[in-house]
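my_file-v2.cif follows (mmCIF, C-alpha atoms):
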data_data
#
loop_
_atom_site.label_atom_id
_atom_site.label_comp_id
_atom_site.auth_asym_id
_atom_site.auth_seq_id
_atom_site.Cartn_x
_atom_site.Cartn_y
_atom_site.Cartn_z
CA MET A 1 0.00 0.00 0.00
CA ASN A 2 1.67 3.23 -1.16
CA GLN A 3 1.17 6.65 0.41
CA GLU A 4 -1.56 7.85 -1.95
CA GLU A 5 -3.53 4.61 -1.63
CA ALA A 6 -3.37 4.88 2.15
CA ARG A 7 -4.39 8.54 2.08
CA LYS A 8 -7.37 7.78 -0.14
CA LEU A 9 -8.61 5.16 2.32
CA LEU A 10 -7.88 7.36 5.33
CA SER A 11 -9.73 10.28 3.74
CA ALA A 12 -12.76 8.05 3.25
CA ALA A 13 -12.53 6.87 6.87
CA LEU A 14 -12.24 10.44 8.20
CA ASN A 15 -15.19 11.48 6.06
CA GLY A 16 -17.27 8.71 7.67
CA GLY A 17 -17.44 6.61 4.53
CA PRO A 18 -17.27 2.78 4.50
CA LEU A 19 -13.94 1.17 3.81
CA PRO A 20 -13.55 -1.70 1.35
CA ALA A 21 -12.67 -5.08 2.83
CA GLN A 22 -9.05 -5.34 3.90
CA ASN A 23 -6.94 -8.32 4.88
CA ALA A 24 -4.97 -8.34 8.14
CA GLU A 25 -1.83 -7.08 6.45
CA SER A 26 -3.67 -4.18 4.80
CA TRP A 27 -5.34 -3.19 8.08
CA GLN A 28 -1.93 -3.15 9.75
CA ALA A 29 -0.50 -0.98 6.97
CA LEU A 30 -3.49 1.36 7.11
CA THR A 31 -3.39 1.90 10.87
CA GLN A 32 0.37 2.45 10.71
CA ALA A 33 -0.21 5.02 7.95
CA ALA A 34 -2.87 6.72 10.09
CA VAL A 35 -0.38 7.08 12.94
CA ARG A 36 2.37 8.27 10.60
CA GLU A 37 0.04 10.79 8.91
CA GLY A 38 -1.15 12.13 12.27
CA VAL A 39 -4.83 11.25 11.78
CA ALA A 40 -5.18 8.10 13.93
CA PRO A 41 -6.60 10.02 16.94
CA LEU A 42 -9.20 11.78 14.77
CA TRP A 43 -10.14 8.49 13.09
CA TYR A 44 -10.64 6.92 16.52
CA TRP A 45 -12.74 9.88 17.72
CA ASN A 46 -14.94 9.92 14.61
CA ALA A 47 -15.38 6.13 14.57
CA SER A 48 -16.27 6.11 18.27
CA ARG A 49 -18.88 8.84 17.89
CA HIS A 50 -20.40 7.47 14.69
CA GLY A 51 -20.58 3.89 15.95
CA THR A 52 -18.29 2.51 13.24
CA LEU A 53 -15.41 1.52 15.54
CA PRO A 54 -16.74 -2.04 16.18
CA ALA A 55 -16.59 -2.71 12.44
CA LEU A 56 -12.79 -2.43 12.54
CA PRO A 57 -10.56 -5.38 13.49
CA LEU A 58 -9.78 -5.55 17.21
CA LYS A 59 -6.08 -4.89 16.60
CA ALA A 60 -6.86 -1.78 14.55
CA GLN A 61 -9.24 -0.56 17.26
CA ALA A 62 -6.54 -1.01 19.89
CA GLU A 63 -3.91 0.84 17.85
CA LEU A 64 -6.24 3.76 17.14
CA ARG A 65 -7.30 3.91 20.78
CA THR A 66 -3.67 3.98 21.89
CA ALA A 67 -2.85 6.75 19.41
CA TYR A 68 -5.77 8.83 20.70
CA ALA A 69 -4.81 8.27 24.36
CA GLN A 70 -1.18 9.22 23.71
CA SER A 71 -2.24 12.34 21.81
CA TRP A 72 -4.68 13.40 24.54
CA LYS A 73 -2.07 12.96 27.28
CA ALA A 74 0.70 14.77 25.37
CA ASN A 75 -1.64 17.63 24.45
CA GLN A 76 -2.72 18.13 28.05
CA ILE A 77 0.93 18.58 29.05
CA LEU A 78 1.54 21.10 26.28
CA LEU A 79 -1.63 23.05 27.03
CA LEU A 80 -0.66 23.38 30.69
CA GLU A 81 2.61 24.89 29.47
CA LEU A 82 0.66 27.19 27.18
CA GLU A 83 -1.46 28.39 30.10
CA SER A 84 1.66 29.41 32.03
CA LEU A 85 3.19 31.08 28.98
CA ALA A 86 -0.02 32.97 28.19
CA ALA A 87 -0.22 34.32 31.74
CA GLU A 88 3.39 35.55 31.69
CA LEU A 89 3.05 37.08 28.24
CA LYS A 90 -0.07 38.90 29.40
CA ARG A 91 1.78 40.34 32.41
CA ALA A 92 4.54 41.54 30.10
CA HIS A 93 2.01 43.08 27.64
CA LEU A 94 3.72 41.10 24.89
CA PRO A 95 1.48 40.24 21.90
CA ALA A 96 1.71 36.59 20.84
CA VAL A 97 -0.13 34.69 18.11
CA LEU A 98 -0.87 31.01 18.69
CA LEU A 99 0.05 29.06 15.55
CA LYS A 100 -0.56 25.67 13.96
CA GLY A 101 -1.23 22.61 16.15
CA ALA A 102 -2.42 24.12 19.43
CA ASN A 103 -4.38 26.81 17.63
CA PHE A 104 -6.19 24.24 15.48
CA ALA A 105 -6.65 21.71 18.30
CA LEU A 106 -8.40 24.35 20.40
CA ARG A 107 -10.47 25.97 17.66
CA LEU A 108 -11.20 23.39 14.96
CA TYR A 109 -11.19 19.86 16.34
CA PRO A 110 -14.02 18.14 18.27
CA ASP A 111 -11.72 17.00 21.08
CA LEU A 112 -8.30 18.02 22.41
CA GLY A 113 -6.90 14.55 21.76
CA ALA A 114 -8.06 14.41 18.15
CA ARG A 115 -5.26 16.61 16.79
CA PRO A 116 -1.75 15.45 17.78
CA MET A 117 0.90 18.13 18.21
CA SER A 118 4.59 17.83 19.04
CA ASP A 119 5.21 21.34 20.34
CA LEU A 120 3.79 24.81 20.92
CA ASP A 121 4.22 27.56 18.34
CA LEU A 122 3.95 31.26 19.19
CA LEU A 123 4.62 34.25 16.93
CA VAL A 124 5.88 37.42 18.61
CA PRO A 125 7.09 40.73 17.11
CA PHE A 126 10.71 40.51 16.00
CA ALA A 127 11.69 43.41 18.28
CA GLN A 128 10.42 41.48 21.32
CA ILE A 129 11.86 38.04 20.58
CA GLU A 130 14.52 38.30 23.30
CA GLN A 131 11.90 39.31 25.87
CA ALA A 132 9.76 36.30 24.91
CA VAL A 133 12.77 33.96 25.18
CA GLU A 134 13.56 35.29 28.66
CA ILE A 135 9.97 34.66 29.74
CA ALA A 136 10.22 31.08 28.49
CA LYS A 137 13.53 30.59 30.30
CA LYS A 138 11.96 31.73 33.58
CA LEU A 139 9.38 28.98 33.08
CA GLY A 140 12.09 26.32 32.70
CA PHE A 141 12.62 26.26 28.93
CA GLU A 142 16.14 26.05 27.51
CA ASP A 143 17.61 26.74 24.08
CA SER A 144 17.55 23.34 22.38
CA ALA A 145 19.21 23.77 18.99
CA PRO A 146 23.05 24.07 18.92
CA GLU A 147 24.19 26.05 15.91
CA ALA A 148 26.10 24.25 13.17
CA ALA A 149 27.71 27.62 12.35
CA PRO A 150 27.69 31.00 14.14
CA HIS A 151 24.36 32.81 13.72
CA LEU A 152 23.11 30.06 11.37
CA ASN A 153 19.86 29.52 13.28
CA GLN A 154 19.06 33.21 13.03
CA LEU A 155 19.96 33.30 9.33
CA LEU A 156 18.14 30.15 8.19
CA GLY A 157 15.65 29.68 11.02
CA HIS A 158 12.27 31.24 11.57
CA ALA A 159 11.98 30.59 15.31
CA VAL A 160 13.89 30.03 18.54
CA TRP A 161 13.60 26.35 19.48
CA MET A 162 13.26 25.72 23.22
CA TYR A 163 12.70 22.69 25.41
CA ALA A 164 11.73 22.04 29.03
CA PRO A 165 13.56 18.72 29.66
CA GLN A 166 11.95 17.80 32.98
CA ARG A 167 8.46 18.26 31.55
CA ARG A 168 9.32 17.08 28.00
CA ALA A 169 7.67 20.10 26.46
CA ALA A 170 8.89 21.75 23.25
CA LEU A 171 8.32 25.36 22.25
CA GLU A 172 9.03 27.37 19.10
CA ILE A 173 8.99 31.14 19.47
CA HIS A 174 8.57 32.44 15.93
CA TYR A 175 9.78 35.82 14.77
CA THR A 176 8.68 35.22 11.18
CA LEU A 177 6.47 32.77 9.28
CA ALA A 178 7.63 29.86 7.10
CA ALA A 179 11.07 31.28 6.29
CA SER A 180 13.69 33.88 7.16
CA ALA A 181 14.91 36.46 4.67
CA ALA A 182 17.62 34.01 3.53
CA PHE A 183 14.96 32.03 1.64
CA LYS A 184 13.54 33.01 -1.75
CA TYR A 185 9.96 32.56 -0.56
CA ALA A 186 10.26 34.69 2.60
CA ALA A 187 7.38 37.14 3.01
CA PRO A 188 6.74 40.27 5.10
CA LEU A 189 4.37 39.96 8.06
CA ASN A 190 2.56 43.31 7.89
CA TRP A 191 -0.62 41.78 6.51
CA PHE A 192 -0.55 38.87 8.96
CA TRP A 193 -0.20 41.15 11.97
CA GLY A 194 -3.16 43.10 10.58
CA GLN A 195 -5.13 39.83 10.51
CA THR A 196 -4.79 39.11 14.24
CA GLN A 197 -7.77 38.76 16.56
CA PRO A 198 -8.27 37.50 20.14
CA LEU A 199 -8.03 33.75 20.59
CA ALA A 200 -11.04 34.17 22.92
CA HIS A 201 -10.27 31.19 25.13
CA PRO A 202 -10.61 31.60 28.92
CA ARG A 203 -7.48 29.58 29.74
CA TYR A 204 -5.25 31.56 27.38
CA ALA A 205 -6.22 35.16 27.93
CA ALA A 206 -4.48 37.73 25.73
CA LEU A 207 -3.21 35.20 23.16
CA LEU A 208 -4.06 36.02 19.56
CA THR A 209 -4.91 34.03 16.47
CA PHE A 210 -5.09 34.94 12.79
CA SER A 211 -8.29 35.55 10.90
CA PRO A 212 -9.58 32.53 8.94
CA GLN A 213 -7.87 33.75 5.77
CA GLY A 214 -4.64 34.44 7.68
CA ASN A 215 -4.62 30.94 9.15
CA LEU A 216 -5.40 29.41 5.75
CA LEU A 217 -2.62 31.22 3.91
CA TYR A 218 -0.03 30.40 6.55
CA ALA A 219 -1.15 26.75 6.72
CA ALA A 220 -0.74 26.40 2.95
CA ALA A 221 2.69 28.08 2.88
CA HIS A 222 3.87 26.02 5.86
CA ALA A 223 2.84 22.78 4.13
CA MET A 224 3.78 23.48 0.51
CA LEU A 225 6.81 25.79 0.81
CA GLN A 226 8.40 25.37 4.23
CA HIS A 227 7.97 21.58 4.15
CA GLY A 228 7.71 21.21 0.43
CA GLY A 229 4.44 19.32 0.09
CA LYS A 230 6.31 16.02 0.01
CA SER A 231 6.78 16.08 3.79
CA ALA A 232 3.30 17.39 4.63
CA PRO A 233 1.33 14.78 6.62
CA LEU A 234 -2.36 14.26 5.97
CA ARG A 235 -3.29 16.02 9.23
CA TRP A 236 -2.13 19.35 7.77
CA PHE A 237 -4.67 18.95 4.97
CA VAL A 238 -7.29 18.02 7.57
CA ASP A 239 -6.44 21.34 9.27
CA MET A 240 -7.11 23.23 6.05
CA ASP A 241 -10.32 21.30 5.40
CA LEU A 242 -11.63 22.11 8.87
CA LEU A 243 -10.71 25.77 8.41
CA LEU A 244 -12.62 25.85 5.12
CA ARG A 245 -15.66 24.18 6.66
CA LYS A 246 -15.87 26.08 9.94
CA TYR A 247 -15.27 29.49 8.36
CA GLU A 248 -16.86 28.83 4.98
CA HIS A 249 -18.92 32.03 5.16
CA GLU A 250 -16.31 34.17 6.93
CA ILE A 251 -13.24 33.79 4.73
CA ASN A 252 -12.58 36.97 2.77
CA TRP A 253 -11.44 35.29 -0.43
CA GLN A 254 -10.69 38.50 -2.31
CA ASN A 255 -8.47 39.75 0.49
CA LEU A 256 -6.81 36.34 0.77
CA LEU A 257 -6.07 35.94 -2.94
CA GLU A 258 -4.80 39.50 -3.33
CA GLU A 259 -2.34 39.12 -0.44
CA ALA A 260 -1.26 35.64 -1.55
CA GLN A 261 -0.46 37.06 -4.99
CA ARG A 262 1.33 40.10 -3.54
CA ILE A 263 3.74 38.05 -1.39
CA ALA A 264 4.14 35.27 -4.00
CA TRP A 265 2.43 32.61 -1.90
CA ILE A 266 -0.52 32.07 -4.20
CA SER A 267 1.16 29.06 -5.83
CA ALA A 268 1.50 27.47 -2.38
CA LEU A 269 -2.12 28.34 -1.56
CA ARG A 270 -3.26 26.82 -4.84
CA ALA A 271 -1.27 23.61 -4.31
CA GLY A 272 -2.40 23.24 -0.69
CA LEU A 273 -6.07 23.82 -1.43
CA GLU A 274 -6.07 21.55 -4.49
CA GLN A 275 -4.66 18.71 -2.43
CA THR A 276 -7.05 19.39 0.45
CA GLN A 277 -10.04 19.40 -1.86
CA ARG A 278 -8.87 16.23 -3.55
CA TYR A 279 -8.81 14.41 -0.20
CA PHE A 280 -11.90 15.91 1.44
CA ALA A 281 -14.04 17.67 -1.21
CA SER A 282 -13.60 20.86 0.80
CA PRO A 283 -15.96 23.80 0.17
CA ILE A 284 -14.20 26.46 -1.92
CA PRO A 285 -16.29 29.06 -3.83
CA PRO A 286 -16.31 28.47 -7.60
CA GLU A 287 -15.01 31.98 -8.34
CA ALA A 288 -12.08 31.45 -5.95
CA GLN A 289 -11.34 28.09 -7.57
CA GLU A 290 -11.32 29.73 -10.97
CA GLN A 291 -8.88 32.42 -9.83
CA LEU A 292 -6.62 29.85 -8.23
CA ARG A 293 -6.69 27.62 -11.30
CA HIS A 294 -4.94 30.34 -13.33
CA ALA A 295 -2.81 31.72 -10.50
CA ALA A 296 0.98 31.71 -10.62
CA ASP A 297 3.84 33.59 -9.00
CA SER A 298 7.63 33.61 -8.81
CA ASN A 299 7.55 30.62 -6.45
CA SER A 300 5.46 28.39 -8.75
CA PRO A 301 8.46 26.36 -10.03
CA LEU A 302 9.69 25.99 -6.46
CA VAL A 303 6.34 24.70 -5.19
CA LYS A 304 6.26 22.17 -8.03
CA ALA A 305 9.84 21.01 -7.41
CA LEU A 306 9.34 20.69 -3.65
CA ARG A 307 6.44 18.28 -4.11
CA ARG A 308 8.83 15.63 -5.48
CA GLN A 309 10.11 13.13 -2.95
CA PRO A 310 13.94 13.25 -2.89
CA LEU A 311 15.80 9.98 -3.47
CA SER A 312 18.30 10.61 -0.68
CA HIS A 313 19.45 13.03 2.00
CA THR A 314 21.72 14.64 -0.59
CA GLU A 315 18.78 15.40 -2.87
CA GLU A 316 16.83 16.72 0.10
CA GLU A 317 19.66 19.15 0.89
CA ILE A 318 19.84 20.14 -2.80
CA GLN A 319 16.12 20.93 -2.71
CA LYS A 320 16.66 23.16 0.32
CA TRP A 321 19.72 24.72 -1.34
CA LYS A 322 17.59 25.82 -4.29
CA THR A 323 15.20 27.67 -1.98
CA LEU A 324 17.99 29.85 -0.51
CA ARG A 325 19.44 33.17 -1.54
CA LEU A 326 23.22 33.42 -2.08
CA ASN A 327 24.22 34.24 1.51
CA GLY A 328 22.04 31.41 2.80
CA LYS A 329 23.66 28.97 0.35
CA ILE A 330 27.15 29.90 1.54
CA GLN A 331 26.23 29.48 5.19
CA MET A 332 24.40 26.22 4.56
CA ALA A 333 27.43 24.73 2.74
CA ARG A 334 29.70 25.82 5.57
CA ALA A 335 27.41 24.27 8.18
CA LEU A 336 27.16 20.98 6.31
CA VAL A 337 30.90 20.54 5.84
CA PHE A 338 32.39 22.36 8.84
CA PRO A 339 29.77 22.47 11.62
CA SER A 340 30.67 24.03 14.97
CA ALA A 341 32.33 22.04 17.75
CA GLU A 342 29.27 22.52 20.00
CA TYR A 343 27.02 21.12 17.29
CA MET A 344 29.33 18.14 16.72
CA ARG A 345 29.49 17.29 20.42
CA ARG A 346 25.70 17.36 20.69
CA ARG A 347 25.13 15.59 17.37
CA TYR A 348 27.58 12.75 18.05
CA GLN A 349 27.09 12.69 21.84
CA LEU A 350 30.72 13.45 22.65
CA THR A 351 32.17 14.48 26.00
CA GLY A 352 34.38 17.52 26.37
CA LYS A 353 37.53 15.39 26.43
CA GLU A 354 36.93 13.41 23.24
CA SER A 355 38.62 14.48 20.02
CA LEU A 356 36.35 15.88 17.31
CA ALA A 357 38.54 14.65 14.43
CA PRO A 358 37.05 11.12 14.13
CA SER A 359 33.52 12.57 14.15
CA TYR A 360 34.35 15.06 11.39
CA LEU A 361 35.87 12.24 9.32
CA MET A 362 32.80 10.10 9.92
CA ARG A 363 30.55 13.01 8.89
CA TRP A 364 32.49 13.68 5.68
CA ALA A 365 32.53 9.96 4.84
CA GLY A 366 28.77 9.82 5.35
CA ILE A 367 28.24 12.84 3.07
CA LEU A 368 30.45 11.31 0.38
CA ARG A 369 28.69 7.94 0.69
CA ASP A 370 25.28 9.58 0.30
CA ILE A 371 26.44 11.61 -2.72
CA LEU A 372 27.75 8.45 -4.42
CA HIS A 373 24.53 6.60 -3.54
CA THR A 374 22.50 9.46 -5.04
CA LEU A 375 24.55 9.48 -8.25
CA ALA A 376 24.17 5.70 -8.55
CA ARG A 377 20.39 5.90 -8.18
CA ARG A 378 20.18 8.72 -10.72
CA LEU A 379 22.33 6.71 -13.16
CA TYR A 380 20.15 3.65 -12.65
CA LYS A 381 16.98 5.66 -13.34
CA PHE A 382 18.58 7.19 -16.45
CA VAL A 383 19.69 3.81 -17.83
CA LYS A 384 16.29 2.29 -17.08
CA LYS A 385 14.55 5.17 -18.84
CA MET A 386 16.79 4.89 -21.91
CA ALA A 387 16.32 1.11 -22.04
CA GLY A 388 12.54 1.50 -21.78
#

Rendering of file as structure tokens:
Amino acid sequence: MNQEEARKLLSAALNGGPLPAQNAESWQALTQAAVREGVAPLWYWNASRHGTLPALPLKAQAELRTAYAQSWKANQILLLELESLAAELKRAHLPAVLLKGANFALRLYPDLGARPMSDLDLLVPFAQIEQAVEIAKKLGFEDSAPEAAPHLNQLLGHAVWMYAPQRRAALEIHYTLAASAAFKYAAPLNWFWGQTQPLAHPRYAALLTFSPQGNLLYAAAHAMLQHGGKSAPLRWFVDMDLLLRKYEHEINWQNLLEEAQRIAWISALRAGLEQTQRYFASPIPPEAQEQLRHAADSNSPLVKALRRQPLSHTEEEIQKWKTLRLNGKIQMARALVFPSAEYMRRRYQLTGKESLAPSYLMRWAGILRDILHTLARRLYKFVKKMAG
């Protein structure tokens, strides 16, 4: 069962439709795909409420139930962290927008366990990023991403990654969306900050969210540009479908399409919505569909290229390389070949006394091996194509 076959069946299951008969092996593959795609908890919730859970094999029921329970437990931990963060941010009068998983779990899904999330994402004004980081540190969060090169995280990153080890809670404090200025598809945030509105949740007073069109545009760019479509799990398309359904009559499509065109994200919006509608028959106005059908921007070739699954880690890095501006490319090459000592010690779990030389040699050998493997696979595909 390939990815698209699994997604087609999972989409039918999430839409409440009957599934064709499966053998034990297929059920195992499908439930594993549901977990991998991040939709197992929602499938369990829907099947439980609609009375279709007993129709599934007992093993599939157990795996879906476990996925839901794990998601519910993990989400409760993260939302307790969010409550503390929201209170401190309110005291500091620091505006913060709740993004992605927690935002959607609270506002779109029928139950807090139905939408798994691995971390919390908050957007704060760039000028106040240090203040937000200090607030997080006071609550027990630590910087969690050693830099492969000086200032690389700031250059290529879009957030400060933090982690509270004792509580196993991860946090990303964003200062931009989807990409920093080092990337070709980076976009200004003026419009997004103009699209903020109160989250309106009693436990998270003073937190903000985007308007429906703001959330939709960011969700599409996050899936189709930042993660290249190929890495976007099915749950991200569920997010967009639920946004389209809940706010069907509130989305300002003209405003959305104009801004998407202005910042060159309309190709990502088009790709994300086309895929969402293919899976879930999502409600999109005919006139908006028509505009999107003919829409293109400077990132259109990039969106198309990023939807292809790379053959190896080398090809994945090449894909990322193509999305960067010149300065970003130089820094990325430097970080790949000559990463910092701190990064190497963390990456290869070295103590302060161990020599770094063997680890650098092992890294370079691994890079060379992957390059040769990539060239071999490309040559094989070329020969096979010519022979066919």

Practice task
Find the residues with any atom within 10 Å of (-11.5, 0.2, 0.2); use only C-alpha atoms and the coordinates as given in the file, and write the answer as number ranges by chain.
Solution key: A: 5-6, 8-10, 12-13, 17-22

Please evaluate the PyMOL selection byres ((chain A and resi 33-36) around 12) against the structure above and give the resulting residues as an mmCIF file with C-alpha atoms, in the frame of the given file.
data_model
loop_
_atom_site.group_PDB
_atom_site.id
_atom_site.type_symbol
_atom_site.label_atom_id
_atom_site.label_comp_id
_atom_site.auth_asym_id
_atom_site.auth_seq_id
_atom_site.Cartn_x
_atom_site.Cartn_y
_atom_site.Cartn_z
ATOM 1 C CA MET A 1 0.000 0.000 0.000
ATOM 2 C CA ASN A 2 1.670 3.230 -1.160
ATOM 3 C CA GLN A 3 1.170 6.650 0.410
ATOM 4 C CA GLU A 4 -1.560 7.850 -1.950
ATOM 5 C CA GLU A 5 -3.530 4.610 -1.630
ATOM 6 C CA ALA A 6 -3.370 4.880 2.150
ATOM 7 C CA ARG A 7 -4.390 8.540 2.080
ATOM 8 C CA LYS A 8 -7.370 7.780 -0.140
ATOM 9 C CA LEU A 9 -8.610 5.160 2.320
ATOM 10 C CA LEU A 10 -7.880 7.360 5.330
ATOM 11 C CA SER A 11 -9.730 10.280 3.740
ATOM 12 C CA ALA A 13 -12.530 6.870 6.870
ATOM 13 C CA LEU A 14 -12.240 10.440 8.200
ATOM 14 C CA SER A 26 -3.670 -4.180 4.800
ATOM 15 C CA TRP A 27 -5.340 -3.190 8.080
ATOM 16 C CA GLN A 28 -1.930 -3.150 9.750
ATOM 17 C CA ALA A 29 -0.500 -0.980 6.970
ATOM 18 C CA LEU A 30 -3.490 1.360 7.110
ATOM 19 C CA THR A 31 -3.390 1.900 10.870
ATOM 20 C CA GLN A 32 0.370 2.450 10.710
ATOM 21 C CA GLU A 37 0.040 10.790 8.910
ATOM 22 C CA GLY A 38 -1.150 12.130 12.270
ATOM 23 C CA VAL A 39 -4.830 11.250 11.780
ATOM 24 C CA ALA A 40 -5.180 8.100 13.930
ATOM 25 C CA PRO A 41 -6.600 10.020 16.940
ATOM 26 C CA LEU A 42 -9.200 11.780 14.770
ATOM 27 C CA TRP A 43 -10.140 8.490 13.090
ATOM 28 C CA TYR A 44 -10.640 6.920 16.520
ATOM 29 C CA ALA A 60 -6.860 -1.780 14.550
ATOM 30 C CA GLU A 63 -3.910 0.840 17.850
ATOM 31 C CA LEU A 64 -6.240 3.760 17.140
ATOM 32 C CA ARG A 65 -7.300 3.910 20.780
ATOM 33 C CA THR A 66 -3.670 3.980 21.890
ATOM 34 C CA ALA A 67 -2.850 6.750 19.410
ATOM 35 C CA TYR A 68 -5.770 8.830 20.700
ATOM 36 C CA GLN A 70 -1.180 9.220 23.710
ATOM 37 C CA SER A 71 -2.240 12.340 21.810
ATOM 38 C CA ALA A 114 -8.060 14.410 18.150
ATOM 39 C CA ARG A 115 -5.260 16.610 16.790
ATOM 40 C CA PRO A 116 -1.750 15.450 17.780
ATOM 41 C CA SER A 231 6.780 16.080 3.790
ATOM 42 C CA ALA A 232 3.300 17.390 4.630
ATOM 43 C CA PRO A 233 1.330 14.780 6.620
ATOM 44 C CA LEU A 234 -2.360 14.260 5.970
ATOM 45 C CA ARG A 235 -3.290 16.020 9.230
#

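Our summary of the geometry notes that CA of Ala268 (chain A) is positioned 16.3 Å from CA of Lys322 (chain A).
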
Exercise for the section: Using all atoms listed in the file, determine which residues lie at most 9 Å from region 155-169 of chain A, disregarding the query and same-chain residues fewer than 3 positions distant; provide the list as a PyMOL selection string. Expected result: chain A and resi 74+77-78+81+118-123+129+133+136-137+139-145+151-152+172-183+324+327-328+331-332

Exercise for the section: Show which residues sit within 6 Å of Arg307 (chain A), as a PyMOL selection string. Count all atoms listed in the file, and ignore same-chain residues fewer than 3 positions away. Expected result: chain A and resi 228-230+304

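If all atoms listed in the file are the atoms counted, then among A:Ile135, A:Ile251, A:Ala260, A:Leu273 the closest residue to Trp191 (chain A) is A:Ala260.
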
Handout entry: Shell around region 103-105 of chain A at 12 Å using only C-alpha atoms, local window under 2 positions removed, as a PyMOL selection string
Key = chain A and resi 41-42+71-72+75-76+78-79+82+96-101+107-123+198-201+204+207-212+215-216+219+235-243+246

Problem - Selected residue, from A:Trp45, A:Tyr343, A:Trp364, A:Trp193, that lies nearest to Val124 (chain A) when counting all atoms listed in the file - result: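 Distance minimum relative to Val124 (chain A) lands on A:Trp193.
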
Take region 73-87 of chain A, model N, CA and C atoms, and hand the result over as a PDB file, in the frame of the given file.
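Once everything was written out, this is selection_36.pdb:
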ATOM      1  N   LYS A  73      -2.978  12.750  26.148  1.00  0.00           N
ATOM      2  CA  LYS A  73      -2.070  12.960  27.280  1.00  0.00           C
ATOM      3  C   LYS A  73      -0.990  13.987  26.935  1.00  0.00           C
ATOM      4  N   ALA A  74      -0.360  13.844  25.775  1.00  0.00           N
ATOM      5  CA  ALA A  74       0.700  14.770  25.370  1.00  0.00           C
ATOM      6  C   ALA A  74       0.157  16.185  25.213  1.00  0.00           C
ATOM      7  N   ASN A  75      -1.047  16.305  24.657  1.00  0.00           N
ATOM      8  CA  ASN A  75      -1.640  17.630  24.450  1.00  0.00           C
ATOM      9  C   ASN A  75      -1.968  18.312  25.768  1.00  0.00           C
ATOM     10  N   GLN A  76      -2.411  17.541  26.754  1.00  0.00           N
ATOM     11  CA  GLN A  76      -2.720  18.130  28.050  1.00  0.00           C
ATOM     12  C   GLN A  76      -1.457  18.742  28.666  1.00  0.00           C
ATOM     13  N   ILE A  77      -0.329  18.060  28.525  1.00  0.00           N
ATOM     14  CA  ILE A  77       0.930  18.580  29.050  1.00  0.00           C
ATOM     15  C   ILE A  77       1.297  19.891  28.355  1.00  0.00           C
ATOM     16  N   LEU A  78       1.194  19.904  27.031  1.00  0.00           N
ATOM     17  CA  LEU A  78       1.540  21.100  26.280  1.00  0.00           C
ATOM     18  C   LEU A  78       0.596  22.263  26.596  1.00  0.00           C
ATOM     19  N   LEU A  79      -0.680  21.971  26.766  1.00  0.00           N
ATOM     20  CA  LEU A  79      -1.630  23.050  27.030  1.00  0.00           C
ATOM     21  C   LEU A  79      -1.479  23.623  28.429  1.00  0.00           C
ATOM     22  N   LEU A  80      -0.999  22.830  29.377  1.00  0.00           N
ATOM     23  CA  LEU A  80      -0.660  23.380  30.690  1.00  0.00           C
ATOM     24  C   LEU A  80       0.518  24.348  30.564  1.00  0.00           C
ATOM     25  N   GLU A  81       1.495  23.985  29.728  1.00  0.00           N
ATOM     26  CA  GLU A  81       2.610  24.890  29.470  1.00  0.00           C
ATOM     27  C   GLU A  81       2.117  26.170  28.812  1.00  0.00           C
ATOM     28  N   LEU A  82       1.190  26.024  27.884  1.00  0.00           N
ATOM     29  CA  LEU A  82       0.660  27.190  27.180  1.00  0.00           C
ATOM     30  C   LEU A  82      -0.061  28.129  28.145  1.00  0.00           C
ATOM     31  N   GLU A  83      -0.753  27.568  29.117  1.00  0.00           N
ATOM     32  CA  GLU A  83      -1.460  28.390  30.100  1.00  0.00           C
ATOM     33  C   GLU A  83      -0.476  29.254  30.885  1.00  0.00           C
ATOM     34  N   SER A  84       0.642  28.654  31.302  1.00  0.00           N
ATOM     35  CA  SER A  84       1.660  29.410  32.030  1.00  0.00           C
ATOM     36  C   SER A  84       2.285  30.489  31.150  1.00  0.00           C
ATOM     37  N   LEU A  85       2.598  30.119  29.907  1.00  0.00           N
ATOM     38  CA  LEU A  85       3.190  31.080  28.980  1.00  0.00           C
ATOM     39  C   LEU A  85       2.237  32.242  28.706  1.00  0.00           C
ATOM     40  N   ALA A  86       0.964  31.928  28.481  1.00  0.00           N
ATOM     41  CA  ALA A  86      -0.020  32.970  28.190  1.00  0.00           C
ATOM     42  C   ALA A  86      -0.130  33.958  29.340  1.00  0.00           C
ATOM     43  N   ALA A  87      -0.115  33.452  30.576  1.00  0.00           N
ATOM     44  CA  ALA A  87      -0.220  34.320  31.740  1.00  0.00           C
ATOM     45  C   ALA A  87       0.976  35.261  31.848  1.00  0.00           C
TER      46      ALA A  87
END
